[in-house]
Amino acid sequence: MILAQLIANSIIIGSIYALVAAGFALVYSTNKFMHFAHGVMVAFSGYMLFLMFSILGVNFYISCFITLILAGLLGWISYRVVYEPLQKRKSSNVILLIASLGLLILLENTLMIFFGPDIKTINYFGIAKGIDILGAIVTPIQIAIIIITLVLLVGLYFFMNKSKIGRNMRAVADNKELTSITGINYRSIADLSFIIGSVLAGIAGILIAIEQNLTPAMGTGLIIKGFTGAVIGSIMSVPGSIIGSYILGFAENFGVWFLPSEYKDAIAFILLFIFLLFKPNGLFGVDKGVRNK
Amino acid sequence: MNKKFDKNFWYVFGTSVGIIVVAVLIVMMIVDLSTTKGLTGQVIKNKDSIKLGLITPLTGDAASFGQAELDATNIAIDEINSKGGVNGRLLQLIPEDGRCNGRDATSAAQKLINIDKVRIILGGACSGETLAIAPISEPSKIILFAAFSSSPKISDAGEYIFRNSPTDNDWAPIMAETLTKQGYKKVAVVTENTDYAMGVRDIFKVKFKELGGTIVADEVYSQGSKDFRTQILKVKDGNPDVIFVNPQDDVSGALLAKQLRELGVNTPFYSAFFLSSPKAIELAGSAVEGATYLDVRDLSTNAGKALIEEYKREKGTPVSEFIIGANYDRVYIIKGALEKCSEDTTCIKNYLYTIKNYEGVIGTYGFKSNGDMDTVFLSMKRIVNGTSIVLE
């Protein structure tokens with residue numbers, strides 16, 4: 001029973017990390033820079049849902065749909081307005097990294113100006129006692145989180161591997177210069193990576209808004225966990241980063257079962273350091289290029 | 001040709017969108033600052049005003065308490081200023097965000113002391129803030145006056161440090177006694193990892209064991225946590241007959257309560273007053289129903305009742321009546337000190353130690369020789385149908 005519950009807890013939190021990590025790794029592998037402002041896309045989407053559903057009273061599912069469109073739009077705008085001009089000036093990756101941190105802080109504070117610093121909640125489904133599944137108690141929302149995440153990530157996998165655009169994205173991730181010779185438009189691939197990545201973050205934002213609550217600064221904590229998950233798997237590979245996120249979820253929850261619970265966050269950071277020091281390419285990474293399987 | 005146009009178009013488009021966004025943000029910030037008191041407090045350009053610093057959590061999970069502190073302090077300062085200030089000088093409040101942690105409180109204190117040159121700091125709210133400010137304010141002989149910090153460590157943090165809130169030594173043992181009296185033998189404690197809550201945990205554990213009880217689970221979570229499921233699993237595994245929920249603020253406490261009930265834990269729980277805030281009830285709903293908690297007494301003085309009425313009219317339901325009252329009293333106690341001593345902090349310190357039987361809105365009290373409040377007002381309450389009822 002305890003084992004089942006621990007596994008369930010790990011999968012729930014791993015799913016949230018995986019949604020954040022998948023988008024982050026997608027942007028990193030196609031564009032080769034750290035888009036830390038990715039975290040704020042999660043917070044932004046949560047707040048957009050709050051704005052439309054709780055303040056304006058729009059139907060819940062329509063609100064979700066509009067939220068995702070806005071999330072994709074914000075991701076796209078942040079690429080076109082912030083990153084692309086810097087790339088054009090041949091800025092180094094460090095500059096882009098700093099720009100992404102700046103964007104993170106700017107957007108978090110913008111959310112704070114509009115919505116205030118206090119916690120917002122969307123209690124659409126109310127509080128339900130969980131359902132017993134093989135000895136683990138899981139609420140319907142958490143089951144939805146797991147299913148939605150898995151469906152999305154499997155869909156993303158097939159999109160990346162079976163569709164023409166997906167294959168082009170992987171080609172760009174593998175070698176940007178070479179693909180430009182073959183006539184693949186890097187710019188539209190970059191646009192697409194930001195849009196898809198941000199929509200994934202938007203879905204994470206909606207799920208977190210329903211399951212937990214919203215604060216303007218929530219994105220920073222999430223991007224750290226998503227980044228850690230991506231580093232464990234492989235920051236260059238979307239499937240790798242997803243598996244890495246689940247590993248992080250399991251490590252945190254099983255670690256805390258045996259260790260005093262104040263070490264929960266420390267576990268994530270210790271893993272991050274171990275991987276950065278000894279296996280910077282992650283479990284599924286290769287030394288050169290990208291791996292997609 | 002076409003491509004070139006396309007490139008230029010997007011570049012111009014992107015740049016203009018960027019400029020427009022930035023311009024809109026700047027305009028909004030200016031409008032925001034000029035129309036609300038917000039974080040800037042009162043904008044008084046009077047050179048001769050007396051500056052008071054306020055350090056309290058204005059963002060983060062504890063923000064509702066910080067906002068209550070700011071609102072109540074502003075009510076008192078507005079009253080005093082509208083009656084001509086202190087000895088003809090207006091009071092000017094400079095609020096800073098301590099974010100309920102030592103790091104941010106430290107930089108806020110440095111700013112207030114070195115840049116704004118304040119001589120009196122109201123705060124912090126969280127014990128972690130106050131304990132971090134004390135080593136900075138004490139050597140400069142700056143008065144530090146907390147209305148919401150209860151860690152026992154503050155008692156000996158310095159000579160210039162005062163508070164009109166009860167300490168954890170006052171209430172944590174009472175909690176242990178209450179649980180024992182109710183017949184509970186096995187308790188699970190879930191604590192937020194902050195100076196205040198960890199202090200409460202230590203005092204509570206010692207007292208509860210002394211009274212013959214056992215601690216079957218003792219879990220800690222870090223500030224800002226949103227997922228307590230594995231800690232709860234350990235609580236469940238200990239099979240307690242009561243749970244002591246020991247958070248730093250209403251948000252994490254409510255989320256913890258919610259997840260406890262979701263995971264099918266129906267053990268009764270006891271807590272400090274955090275679970276009864278409007279935010280907690282909104283967040284946790286039915287999960288906090290039936291929770292019993294030890295609270296500082298509601299305002300029962302006539303002046304206190306009038307203050308709460310005014311607060312409800314202007315700001316809505318207070319997060320805790322006591323906080324409003326303690327903050328309001330704090331400003332008036334400082335006003336008395338300023339009338340006597342101006343900004344001479346040694347004189348203010350000596351004056352504050354002489355206060356006994358001060359008639360404040362929270363009751364009649366004075367200060368002990370360590371700067372703590374000499375009277376304690378506590379009552380046991382329970383949440384029934386979403387509202388608090390007093391048990392004794």
# chains A, B, ... in the order shown; residues from 1 in each chain; ligands from 1
>>> residues_around(residues="Asn109 in chain A", least_positions_apart="6", cutoff="10 Å", atoms="only C-alpha atoms", output="list in words")
Leu103, Phe115, Gly116, Pro117, Pro216 and Ala217 of chain A
>>> residues_around(residues="range 142-154 of chain A", least_positions_apart="5", cutoff="10 Å", atoms="only C-alpha atoms", output="ChimeraX atom specification")
/A:8-9,11-16,18-19,22,130-131,137,159-160,200,203-204,206-208,210-211,238-239,242
>>> write_last_selection(atoms="N, CA, C and O atoms", output="mmCIF file, in the first residue's frame")
data_model
loop_
_atom_site.group_PDB
_atom_site.id
_atom_site.type_symbol
_atom_site.label_atom_id
_atom_site.label_comp_id
_atom_site.auth_asym_id
_atom_site.auth_seq_id
_atom_site.Cartn_x
_atom_site.Cartn_y
_atom_site.Cartn_z
ATOM 1 N N ALA A 8 2.566 6.364 -6.897
ATOM 2 C CA ALA A 8 1.565 7.312 -7.402
ATOM 3 C C ALA A 8 2.030 8.748 -7.187
ATOM 4 O O ALA A 8 1.984 9.572 -8.110
ATOM 5 N N ASN A 9 2.513 9.053 -5.981
ATOM 6 C CA ASN A 9 2.996 10.409 -5.693
ATOM 7 C C ASN A 9 4.109 10.804 -6.659
ATOM 8 O O ASN A 9 4.156 11.936 -7.145
ATOM 9 N N ILE A 11 4.681 9.635 -9.679
ATOM 10 C CA ILE A 11 4.211 9.821 -11.054
ATOM 11 C C ILE A 11 3.471 11.151 -11.198
ATOM 12 O O ILE A 11 3.634 11.858 -12.188
ATOM 13 N N ILE A 12 2.672 11.527 -10.178
ATOM 14 C CA ILE A 12 1.924 12.787 -10.267
ATOM 15 C C ILE A 12 2.885 13.968 -10.407
ATOM 16 O O ILE A 12 2.777 14.778 -11.329
ATOM 17 N N ILE A 13 3.850 14.042 -9.490
ATOM 18 C CA ILE A 13 4.749 15.198 -9.523
ATOM 19 C C ILE A 13 5.706 15.089 -10.715
ATOM 20 O O ILE A 13 6.034 16.092 -11.346
ATOM 21 N N GLY A 14 6.077 13.854 -11.067
ATOM 22 C CA GLY A 14 6.934 13.657 -12.239
ATOM 23 C C GLY A 14 6.258 14.141 -13.510
ATOM 24 O O GLY A 14 6.899 14.699 -14.393
ATOM 25 N N SER A 15 4.932 13.957 -13.607
ATOM 26 C CA SER A 15 4.204 14.396 -14.797
ATOM 27 C C SER A 15 4.273 15.906 -14.957
ATOM 28 O O SER A 15 4.462 16.420 -16.059
ATOM 29 N N ILE A 16 4.110 16.618 -13.832
ATOM 30 C CA ILE A 16 4.187 18.083 -13.899
ATOM 31 C C ILE A 16 5.592 18.507 -14.326
ATOM 32 O O ILE A 16 5.770 19.348 -15.212
ATOM 33 N N ALA A 18 7.656 16.776 -16.018
ATOM 34 C CA ALA A 18 7.900 16.345 -17.395
ATOM 35 C C ALA A 18 7.318 17.342 -18.391
ATOM 36 O O ALA A 18 7.938 17.635 -19.420
ATOM 37 N N LEU A 19 6.133 17.880 -18.098
ATOM 38 C CA LEU A 19 5.538 18.863 -19.016
ATOM 39 C C LEU A 19 6.430 20.089 -19.142
ATOM 40 O O LEU A 19 6.595 20.650 -20.229
ATOM 41 N N ALA A 22 9.843 18.953 -20.934
ATOM 42 C CA ALA A 22 9.731 18.637 -22.356
ATOM 43 C C ALA A 22 9.791 19.911 -23.190
ATOM 44 O O ALA A 22 10.524 19.987 -24.177
ATOM 45 N N GLY A 130 -9.886 11.021 -2.414
ATOM 46 C CA GLY A 130 -9.334 10.267 -3.533
ATOM 47 C C GLY A 130 -9.970 8.903 -3.738
ATOM 48 O O GLY A 130 -10.722 8.401 -2.911
ATOM 49 N N ILE A 131 -9.668 8.316 -4.885
ATOM 50 C CA ILE A 131 -10.147 6.981 -5.233
ATOM 51 C C ILE A 131 -9.015 6.007 -4.947
ATOM 52 O O ILE A 131 -7.841 6.327 -5.167
ATOM 53 N N ILE A 137 -4.121 6.126 -3.015
ATOM 54 C CA ILE A 137 -5.264 7.021 -3.095
ATOM 55 C C ILE A 137 -4.911 8.186 -4.018
ATOM 56 O O ILE A 137 -3.923 8.890 -3.800
ATOM 57 N N PHE A 159 4.812 13.131 -33.114
ATOM 58 C CA PHE A 159 4.963 14.340 -33.931
ATOM 59 C C PHE A 159 6.429 14.541 -34.312
ATOM 60 O O PHE A 159 6.754 14.809 -35.470
ATOM 61 N N MET A 160 7.312 14.370 -33.341
ATOM 62 C CA MET A 160 8.739 14.590 -33.584
ATOM 63 C C MET A 160 9.331 13.533 -34.507
ATOM 64 O O MET A 160 10.296 13.793 -35.217
ATOM 65 N N LEU A 200 2.874 23.474 -24.136
ATOM 66 C CA LEU A 200 3.066 22.417 -23.133
ATOM 67 C C LEU A 200 3.154 23.032 -21.738
ATOM 68 O O LEU A 200 2.552 22.547 -20.777
ATOM 69 N N ILE A 203 -0.242 23.978 -20.587
ATOM 70 C CA ILE A 203 -1.027 22.859 -20.051
ATOM 71 C C ILE A 203 -0.606 22.580 -18.612
ATOM 72 O O ILE A 203 -1.447 22.394 -17.726
ATOM 73 N N ALA A 204 0.725 22.610 -18.379
ATOM 74 C CA ALA A 204 1.204 22.434 -17.004
ATOM 75 C C ALA A 204 0.600 23.506 -16.099
ATOM 76 O O ALA A 204 0.161 23.225 -14.980
ATOM 77 N N ILE A 206 -2.232 25.148 -16.403
ATOM 78 C CA ILE A 206 -3.653 24.897 -16.132
ATOM 79 C C ILE A 206 -3.799 23.793 -15.078
ATOM 80 O O ILE A 206 -4.570 23.917 -14.123
ATOM 81 N N LEU A 207 -3.020 22.721 -15.257
ATOM 82 C CA LEU A 207 -3.124 21.600 -14.320
ATOM 83 C C LEU A 207 -2.718 22.019 -12.909
ATOM 84 O O LEU A 207 -3.362 21.662 -11.922
ATOM 85 N N ILE A 208 -1.646 22.824 -12.806
ATOM 86 C CA ILE A 208 -1.196 23.270 -11.488
ATOM 87 C C ILE A 208 -2.229 24.207 -10.866
ATOM 88 O O ILE A 208 -2.506 24.148 -9.678
ATOM 89 N N ILE A 210 -5.380 24.143 -11.175
ATOM 90 C CA ILE A 210 -6.517 23.388 -10.647
ATOM 91 C C ILE A 210 -6.115 22.585 -9.414
ATOM 92 O O ILE A 210 -6.821 22.541 -8.420
ATOM 93 N N GLU A 211 -4.936 21.969 -9.485
ATOM 94 C CA GLU A 211 -4.513 21.053 -8.419
ATOM 95 C C GLU A 211 -3.975 21.808 -7.198
ATOM 96 O O GLU A 211 -4.260 21.436 -6.068
ATOM 97 N N VAL A 238 14.144 15.391 -26.080
ATOM 98 C CA VAL A 238 12.840 15.562 -25.442
ATOM 99 C C VAL A 238 12.413 14.298 -24.691
ATOM 100 O O VAL A 238 12.079 14.372 -23.516
ATOM 101 N N PRO A 239 12.488 13.117 -25.325
ATOM 102 C CA PRO A 239 12.119 11.914 -24.555
ATOM 103 C C PRO A 239 13.018 11.718 -23.340
ATOM 104 O O PRO A 239 12.545 11.351 -22.272
ATOM 105 N N ILE A 242 11.971 13.871 -20.483
ATOM 106 C CA ILE A 242 10.728 13.402 -19.868
ATOM 107 C C ILE A 242 11.028 12.281 -18.873
ATOM 108 O O ILE A 242 10.584 12.308 -17.725
#
>>> closest_atom_pairs(of="chain A", to="chain B", cutoff="8 Å", atoms="only C-alpha atoms", output="tab-separated table")
residue	atom	partner	partner_atom	distance
A:Ile2	CA	B:Leu233	CA	7.3
A:Gln5	CA	B:Leu233	CA	7.7
A:Leu6	CA	B:Thr230	CA	6.7
A:Asn9	CA	B:Arg229	CA	6.5
A:Ile13	CA	B:Asp227	CA	7.9
A:Ile77	CA	B:Gly14	CA	7.7
A:Arg80	CA	B:Gly14	CA	6.0
A:Val81	CA	B:Gly14	CA	5.1
A:Pro85	CA	B:Tyr11	CA	7.8
A:Thr110	CA	B:Leu25	CA	7.7
A:Ile113	CA	B:Met29	CA	7.6
A:Pro117	CA	B:Thr59	CA	4.9
A:Asp118	CA	B:Ala63	CA	5.8
A:Ile119	CA	B:Asp61	CA	6.8
A:Thr121	CA	B:Leu283	CA	6.5
A:Asn123	CA	B:Leu283	CA	7.6
A:Ile127	CA	B:Glu262	CA	7.2
A:Ala128	CA	B:Glu262	CA	6.1
A:Lys129	CA	B:Glu262	CA	4.4
A:Gly130	CA	B:Glu262	CA	5.3
A:Ile137	CA	B:Leu263	CA	5.8
A:Val138	CA	B:Leu263	CA	7.2
A:Thr139	CA	B:Glu262	CA	6.8
A:Gln212	CA	B:Lys226	CA	6.7
A:Thr215	CA	B:Gly60	CA	7.3
A:Asn253	CA	B:Thr230	CA	6.0
A:Val256	CA	B:Thr230	CA	7.1
A:Trp257	CA	B:Thr230	CA	6.8
A:Pro260	CA	B:Glu219	CA	7.1
A:Ser261	CA	B:Val220	CA	5.4
A:Glu262	CA	B:Val220	CA	5.1
A:Lys264	CA	B:Tyr221	CA	7.6
A:Asp265	CA	B:Ser222	CA	7.6
>>> write_last_selection(atoms="N, CA, C and O atoms", output="short mmCIF file (atom, residue, chain, number, x, y, z; two decimals), in the first residue's frame")
data_model
loop_
_atom_site.label_atom_id
_atom_site.label_comp_id
_atom_site.auth_asym_id
_atom_site.auth_seq_id
_atom_site.Cartn_x
_atom_site.Cartn_y
_atom_site.Cartn_z
N ILE A 2 1.86 1.22 0.90
CA ILE A 2 2.76 2.38 0.96
C ILE A 2 3.53 2.51 -0.34
O ILE A 2 3.66 3.60 -0.89
N GLN A 5 1.36 3.95 -3.03
CA GLN A 5 1.14 5.39 -2.84
C GLN A 5 2.39 6.18 -3.20
O GLN A 5 2.31 7.24 -3.83
N LEU A 6 3.54 5.65 -2.82
CA LEU A 6 4.79 6.36 -3.15
C LEU A 6 4.97 6.44 -4.66
O LEU A 6 5.36 7.48 -5.20
N ASN A 9 2.51 9.05 -5.98
CA ASN A 9 3.00 10.41 -5.69
C ASN A 9 4.11 10.80 -6.66
O ASN A 9 4.16 11.94 -7.14
N ILE A 13 3.85 14.04 -9.49
CA ILE A 13 4.75 15.20 -9.52
C ILE A 13 5.71 15.09 -10.72
O ILE A 13 6.03 16.09 -11.35
N ILE A 77 6.10 35.44 -29.18
CA ILE A 77 6.51 36.84 -29.08
C ILE A 77 7.85 36.96 -28.35
O ILE A 77 8.72 37.73 -28.74
N ARG A 80 10.50 36.20 -30.83
CA ARG A 80 10.69 37.23 -31.86
C ARG A 80 11.20 38.54 -31.29
O ARG A 80 12.00 39.24 -31.90
N VAL A 81 10.75 38.90 -30.09
CA VAL A 81 11.08 40.22 -29.56
C VAL A 81 12.40 40.20 -28.79
O VAL A 81 13.17 41.14 -28.85
N PRO A 85 16.35 39.06 -32.09
CA PRO A 85 17.24 40.21 -32.32
C PRO A 85 18.64 39.96 -31.74
O PRO A 85 19.64 40.36 -32.34
N THR A 110 5.35 41.54 -13.98
CA THR A 110 4.16 42.03 -14.69
C THR A 110 2.92 41.33 -14.14
O THR A 110 1.89 41.97 -13.90
N ILE A 113 2.00 42.92 -10.94
CA ILE A 113 1.34 44.23 -11.06
C ILE A 113 -0.15 44.03 -11.35
O ILE A 113 -1.01 44.66 -10.74
N PRO A 117 0.38 40.23 -5.36
CA PRO A 117 1.33 39.20 -4.94
C PRO A 117 0.71 38.01 -4.22
O PRO A 117 1.36 37.01 -4.00
N ASP A 118 -0.57 38.11 -3.85
CA ASP A 118 -1.11 37.03 -3.03
C ASP A 118 -1.52 35.82 -3.86
O ASP A 118 -1.55 35.86 -5.09
N ILE A 119 -1.84 34.75 -3.16
CA ILE A 119 -2.14 33.47 -3.82
C ILE A 119 -3.53 33.49 -4.44
O ILE A 119 -4.48 34.01 -3.86
N THR A 121 -6.58 31.08 -6.31
CA THR A 121 -6.99 29.68 -6.44
C THR A 121 -8.13 29.56 -7.44
O THR A 121 -8.94 30.47 -7.58
N ASN A 123 -10.95 26.93 -7.76
CA ASN A 123 -11.51 25.71 -7.18
C ASN A 123 -12.64 25.18 -8.06
O ASN A 123 -13.78 25.13 -7.66
N ILE A 127 -12.99 19.90 -3.57
CA ILE A 127 -12.10 18.95 -2.92
C ILE A 127 -12.80 17.61 -2.84
O ILE A 127 -13.91 17.50 -2.33
N ALA A 128 -12.15 16.60 -3.39
CA ALA A 128 -12.75 15.28 -3.37
C ALA A 128 -11.82 14.33 -2.66
O ALA A 128 -10.61 14.43 -2.79
N LYS A 129 -12.40 13.41 -1.92
CA LYS A 129 -11.57 12.38 -1.33
C LYS A 129 -11.14 11.46 -2.47
O LYS A 129 -11.90 11.20 -3.40
N GLY A 130 -9.89 11.02 -2.41
CA GLY A 130 -9.33 10.27 -3.53
C GLY A 130 -9.97 8.90 -3.74
O GLY A 130 -10.72 8.40 -2.91
N ILE A 137 -4.12 6.13 -3.01
CA ILE A 137 -5.26 7.02 -3.09
C ILE A 137 -4.91 8.19 -4.02
O ILE A 137 -3.92 8.89 -3.80
N VAL A 138 -5.70 8.34 -5.07
CA VAL A 138 -5.43 9.37 -6.08
C VAL A 138 -6.73 10.11 -6.35
O VAL A 138 -7.79 9.48 -6.47
N THR A 139 -6.68 11.45 -6.43
CA THR A 139 -7.90 12.19 -6.72
C THR A 139 -8.15 12.20 -8.23
O THR A 139 -7.22 12.03 -9.03
N GLN A 212 -3.18 22.86 -7.43
CA GLN A 212 -2.56 23.55 -6.30
C GLN A 212 -3.08 24.98 -6.20
O GLN A 212 -4.21 25.20 -5.81
N THR A 215 0.92 31.59 -7.73
CA THR A 215 1.62 32.77 -7.26
C THR A 215 2.44 33.29 -8.43
O THR A 215 2.84 32.50 -9.29
N ASN A 253 10.43 11.54 -3.94
CA ASN A 253 9.45 10.93 -3.05
C ASN A 253 10.00 9.71 -2.32
O ASN A 253 9.74 9.55 -1.13
N VAL A 256 12.57 10.95 0.33
CA VAL A 256 11.97 11.52 1.54
C VAL A 256 11.36 10.44 2.42
O VAL A 256 11.25 10.60 3.62
N TRP A 257 11.00 9.32 1.81
CA TRP A 257 10.46 8.23 2.63
C TRP A 257 11.53 7.72 3.60
O TRP A 257 11.25 7.38 4.73
N PRO A 260 14.88 12.25 6.47
CA PRO A 260 13.97 13.24 7.05
C PRO A 260 13.40 14.13 5.94
O PRO A 260 14.09 14.42 4.96
N SER A 261 12.13 14.53 6.08
CA SER A 261 11.47 15.16 4.95
C SER A 261 11.99 16.55 4.61
O SER A 261 11.71 17.05 3.54
N GLU A 262 12.79 17.16 5.50
CA GLU A 262 13.31 18.49 5.12
C GLU A 262 14.32 18.42 3.97
O GLU A 262 14.69 19.43 3.41
N LYS A 264 13.80 17.13 1.06
CA LYS A 264 13.14 16.91 -0.22
C LYS A 264 13.75 17.73 -1.36
O LYS A 264 14.10 17.20 -2.41
N ASP A 265 13.89 19.05 -1.15
CA ASP A 265 14.45 19.88 -2.22
C ASP A 265 15.93 19.61 -2.41
O ASP A 265 16.44 19.70 -3.53
#
>>> select_by_dssp(residues="range 56-300 of chain B", states="helix (DSSP H, G or I)", output="NGL selection string")
:B and (63-82 or 102-115 or 127-137 or 152-156 or 168-181 or 195-210 or 229-238 or 250-262 or 273-276 or 278-288)
>>> residues_around(residues="Asn385 in chain B", least_positions_apart="3", cutoff="10 Å", atoms="only C-alpha atoms", output="list in words")
Gly285, Ser286, Val288, Glu289, Gly290, Arg382, Ser388 and Ile389 of chain B
>>> select_by_dssp(residues="range 42-266 of chain A", states="strand (DSSP E or B)", output="PyMOL selection string")
chain A and resi 120+131-133+136-138+214
>>> residues_around(residues="range 341-355 of chain B", least_positions_apart="3", cutoff="8 Å", atoms="only C-alpha atoms", output="VMD selection string")
chain B and resid 119 to 120 141 to 143 159 to 160 337 to 338 358 366 to 369 371
>>> write_last_selection(atoms="N, CA and C atoms", output="mmCIF file, in the first residue's frame")
data_model
loop_
_atom_site.group_PDB
_atom_site.id
_atom_site.type_symbol
_atom_site.label_atom_id
_atom_site.label_comp_id
_atom_site.auth_asym_id
_atom_site.auth_seq_id
_atom_site.Cartn_x
_atom_site.Cartn_y
_atom_site.Cartn_z
ATOM 1 N N ARG B 119 15.061 55.476 12.147
ATOM 2 C CA ARG B 119 15.539 55.157 13.498
ATOM 3 C C ARG B 119 14.639 54.113 14.163
ATOM 4 N N ILE B 120 13.467 53.894 13.551
ATOM 5 C CA ILE B 120 12.519 52.931 14.125
ATOM 6 C C ILE B 120 12.050 51.993 13.011
ATOM 7 N N LYS B 141 21.577 50.915 17.481
ATOM 8 C CA LYS B 141 20.595 51.420 18.444
ATOM 9 C C LYS B 141 19.298 51.826 17.757
ATOM 10 N N ILE B 142 18.863 50.977 16.851
ATOM 11 C CA ILE B 142 17.607 51.240 16.166
ATOM 12 C C ILE B 142 16.516 50.414 16.828
ATOM 13 N N ILE B 143 15.365 51.060 17.084
ATOM 14 C CA ILE B 143 14.253 50.359 17.729
ATOM 15 C C ILE B 143 13.637 49.384 16.729
ATOM 16 N N GLU B 159 18.525 44.644 23.279
ATOM 17 C CA GLU B 159 17.888 45.574 24.222
ATOM 18 C C GLU B 159 16.851 46.459 23.549
ATOM 19 N N TYR B 160 17.075 46.734 22.261
ATOM 20 C CA TYR B 160 16.227 47.701 21.553
ATOM 21 C C TYR B 160 15.073 47.004 20.817
ATOM 22 N N ALA B 337 6.031 57.324 22.408
ATOM 23 C CA ALA B 337 7.471 57.404 22.636
ATOM 24 C C ALA B 337 8.072 58.594 21.893
ATOM 25 N N LEU B 338 7.595 58.835 20.669
ATOM 26 C CA LEU B 338 8.139 59.950 19.870
ATOM 27 C C LEU B 338 7.783 61.289 20.493
ATOM 28 N N TYR B 358 -0.615 49.425 29.600
ATOM 29 C CA TYR B 358 -0.986 50.254 28.447
ATOM 30 C C TYR B 358 -2.371 49.821 27.963
ATOM 31 N N GLY B 366 1.831 45.527 29.118
ATOM 32 C CA GLY B 366 3.062 46.310 29.184
ATOM 33 C C GLY B 366 4.209 45.456 28.676
ATOM 34 N N PHE B 367 5.443 45.909 28.926
ATOM 35 C CA PHE B 367 6.589 45.142 28.445
ATOM 36 C C PHE B 367 7.402 44.582 29.586
ATOM 37 N N LYS B 368 7.889 43.360 29.403
ATOM 38 C CA LYS B 368 8.774 42.745 30.380
ATOM 39 C C LYS B 368 10.180 43.279 30.171
ATOM 40 N N SER B 369 11.100 42.894 31.052
ATOM 41 C CA SER B 369 12.463 43.428 30.962
ATOM 42 C C SER B 369 13.201 42.910 29.730
ATOM 43 N N GLY B 371 11.674 42.891 26.771
ATOM 44 C CA GLY B 371 10.993 43.509 25.630
ATOM 45 C C GLY B 371 9.757 42.758 25.170
#
>>> residues_around(residues="range 77-84 of chain B", least_positions_apart="4", cutoff="9 Å", atoms="only C-alpha atoms", output="compact mmCIF listing (two decimals) with N, CA and C atoms, in the first residue's frame")
# COMPACT_ATOMS: atom_id res chain seq x y z
N GLN B 42 2.52 55.94 1.94
CA GLN B 42 2.08 57.31 1.74
C GLN B 42 3.20 58.10 1.12
N ALA B 72 -3.21 47.88 8.57
CA ALA B 72 -3.51 48.33 9.92
C ALA B 72 -2.58 49.47 10.32
N THR B 73 -1.30 49.35 9.95
CA THR B 73 -0.34 50.40 10.27
C THR B 73 -0.73 51.69 9.56
N GLY B 88 3.81 68.15 15.71
CA GLY B 88 3.82 68.95 14.49
C GLY B 88 4.52 68.30 13.31
N ARG B 89 5.07 67.12 13.51
CA ARG B 89 5.74 66.45 12.39
C ARG B 89 4.88 65.26 11.95
N LEU B 90 4.78 65.07 10.63
CA LEU B 90 3.98 63.96 10.12
C LEU B 90 4.77 62.66 10.18
N LEU B 91 4.05 61.55 10.28
CA LEU B 91 4.71 60.25 10.21
C LEU B 91 4.73 59.78 8.77
N GLN B 92 5.87 59.25 8.35
CA GLN B 92 5.96 58.73 6.99
C GLN B 92 6.37 57.27 7.05
N LEU B 93 5.52 56.39 6.50
CA LEU B 93 5.81 54.96 6.55
C LEU B 93 6.57 54.53 5.30
N TYR B 328 -1.96 48.20 15.07
CA TYR B 328 -2.54 49.52 15.36
C TYR B 328 -1.95 50.05 16.67
N VAL B 331 1.74 51.35 16.46
CA VAL B 331 1.96 52.71 15.97
C VAL B 331 1.68 53.73 17.09
N TYR B 332 0.61 53.48 17.86
CA TYR B 332 0.28 54.44 18.92
C TYR B 332 1.29 54.40 20.07
N LYS B 335 4.06 56.34 18.83
CA LYS B 335 3.69 57.77 18.83
C LYS B 335 3.94 58.36 20.21
>>> residues_around(residues="range 90-94 of chain A", least_positions_apart="6", cutoff="9 Å", atoms="only C-alpha atoms", output="compact mmCIF listing (two decimals) with N, CA, C and O atoms, in the first residue's frame")
# COMPACT_ATOMS: atom_id res chain seq x y z
N LYS A 32 19.46 25.86 -29.00
CA LYS A 32 20.76 25.81 -28.31
C LYS A 32 20.97 26.96 -27.33
O LYS A 32 22.07 27.50 -27.23
N PHE A 33 19.94 27.40 -26.66
CA PHE A 33 20.19 28.28 -25.52
C PHE A 33 19.15 28.00 -24.43
O PHE A 33 18.11 27.41 -24.69
N MET A 34 19.48 28.41 -23.22
CA MET A 34 18.62 28.13 -22.07
C MET A 34 17.50 29.15 -22.01
O MET A 34 17.74 30.33 -21.78
>>> atom_distance(atom1="CA of Arg313 in chain B", atom2="CA of Ile281 in chain B")
20.5 Å
>>> atom_distance(atom1="CA of Lys381 in chain B", atom2="CA of Phe273 in chain B")
8.5 Å
>>> atom_distance(atom1="CA of Tyr61 in chain A", atom2="CA of Val42 in chain A")
17.5 Å
>>> residues_around(residues="Gly360 in chain B", least_positions_apart="2", cutoff="10 Å", atoms="only C-alpha atoms", output="list of chain:residue names")
B:Thr301, B:Ala303, B:Gly304, B:Gly325, B:Ala326, B:Tyr328, B:Asp329, B:Arg330, B:Tyr332, B:Ile333, B:Asn357, B:Tyr358, B:Ile362, B:Gly363, B:Thr364, B:Tyr365, B:Gly366
>>> closest_residue(among="A:Ile232, A:Thr30, A:Gly226, A:Leu86", to="Thr179 in chain A", atoms="only C-alpha atoms")
A:Thr30
